[in-house]
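Structure first, commentary second.
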Amino acid sequence: MPHERDLRGWLRSRVLAADDVEDVVQECYCQLAQLPSVSHIVEPRAYLFAMARNLANRQRRRARVVRIEPIAQVESSELASDQPLPDRIAAGRQELDRVRAALGTLSDRARKIFLLRRIEGLSQKEIAARLGVTEAVVENDASRSLRAILRMLTEPAEVVPPAKEGKAHARSR
């Protein structure tokens, strides 16, 4: 978080589109959150910038790939609806429910800070002024919230066990 502003500027100077900059920054956060330990990182800033450079390079390589589709697929895709399939809608709703649940675990102030920062795109200074807290509070709450939410979203979804039948299926001899 302390290097985010510099990282964004550096990525913009590498002629990345604004959406690509956001994608790379978020992917950096995701990868950092998935590390089992950060004790091996001696220079956090250098580590973050190297990670971002590698992600940006990977994005560029993917963008250069030209997909070749057989004519039959192109014709059938023209007939297909633009609407997502029902299973994709259901998966999207489940993911949205997980995000809402993760946000629900945060304190009111932390949730407001997270939403103002990540959804509305306000700076730490603007959030601090709006909420009447210090920038340090905003930075701490934002980083803790992001870590907590990423942790919850990267954990596998809870599987609800099937309901147990009554004693109707008792062992027979």
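Chain identifiers are assigned as A, B, and so on, following the order in which chains appear in the structure tokens; residues are numbered from 1 within each chain, and ligands are numbered from 1 in order of appearance.
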With a distance cut-off of 10 Å and only C-alpha atoms, select the neighbouring residues of segment 130-139 of chain A, excluding the residue or stretch itself and same-chain residues fewer than 5 positions from it, and output the selection as a count of residues only.
14
So that I can see what lies close to Arg151 of chain A, please list as number ranges by chain the residues with an atom at most 9 Å from it, counting only C-alpha atoms and leaving out residues fewer than 5 positions away in the same chain.
A: 33-34, 146
